[in-house]
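S.K.: Please see the structure below; I have some questions.
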Amino acid sequence: MTVLSSGWQDVIMGIALLSVAGILFWGVITMGRGGAYNKSKSNTIMRYRIVVQALALLVFVVLLWLRRS
């Protein structure tokens, strides 16, 4: 089985990675703009990123485990 033939696994991993990237860019844009919104939301956005990044890592490990089986 090649890496590209897994189909749904690639879609799930892509969604997980795009979610992390989206939250990361949201945080960078918020930090760049500054102001009251940055002060009130920057810590929350960082927490979202950490949680989504952990979930993406968990998805990655589960998909590797499924490919091995």
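For the structure tokens, the naming scheme is as follows: chains receive sequential letters (A, B, ...) according to their order of presentation, residues are indexed from 1 within each chain, and ligands are indexed from 1 in presentation order.
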Within 8 Å of Val52 of chain A, counting only C-alpha atoms, which residues qualify if same-chain residues fewer than 4 places away don't, as an mmCIF file with N, CA and C atoms, in the first residue's frame?

M.R.:
data_model
loop_
_atom_site.group_PDB
_atom_site.id
_atom_site.type_symbol
_atom_site.label_atom_id
_atom_site.label_comp_id
_atom_site.auth_asym_id
_atom_site.auth_seq_id
_atom_site.Cartn_x
_atom_site.Cartn_y
_atom_site.Cartn_z
ATOM 1 N N ALA A 16 -6.658 18.140 10.328
ATOM 2 C CA ALA A 16 -5.996 18.407 11.604
ATOM 3 C C ALA A 16 -4.865 19.423 11.431
ATOM 4 N N SER A 19 -6.215 22.912 10.669
ATOM 5 C CA SER A 19 -6.786 23.521 11.876
ATOM 6 C C SER A 19 -5.702 24.171 12.727
ATOM 7 N N VAL A 20 -4.599 23.453 12.910
ATOM 8 C CA VAL A 20 -3.487 24.006 13.686
ATOM 9 C C VAL A 20 -2.929 25.246 12.987
ATOM 10 N N TYR A 48 -6.083 27.501 22.587
ATOM 11 C CA TYR A 48 -6.746 26.774 21.501
ATOM 12 C C TYR A 48 -5.720 26.054 20.630
ATOM 13 N N ALA A 56 -4.137 16.982 16.997
ATOM 14 C CA ALA A 56 -3.541 16.616 15.705
ATOM 15 C C ALA A 56 -2.455 15.562 15.890
#

S.K.: Which distance in Å separates atom CA of Arg47 of chain A and atom CA of Gly35 of chain A, to one decimal?

M.R.: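 Distance between the two atoms: 19.3 Å.
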
S.K.: Skip Ser42 of chain A itself and residues of its chain fewer than 2 positions away, then list as a list in words all residues within 12 Å of it, counting only C-alpha atoms.

M.R.: Ile23, Leu24, Phe25, Trp26, Gly27, Val28, Ile29, Thr30, Met31, Gly32, Arg33, Gly34, Gly35, Ala36, Tyr37, Asn38, Lys39, Ser40, Thr44, Ile45, Met46, Arg47, Tyr48 and Arg49 of chain A

S.K.: One decimal, in Å: what's the spacing between atom CA of Val59 of chain A and atom CA of Ile12 of chain A?

M.R.: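 Separating atom CA of Val59 of chain A from atom CA of Ile12 of chain A is a distance of 8.0 Å.
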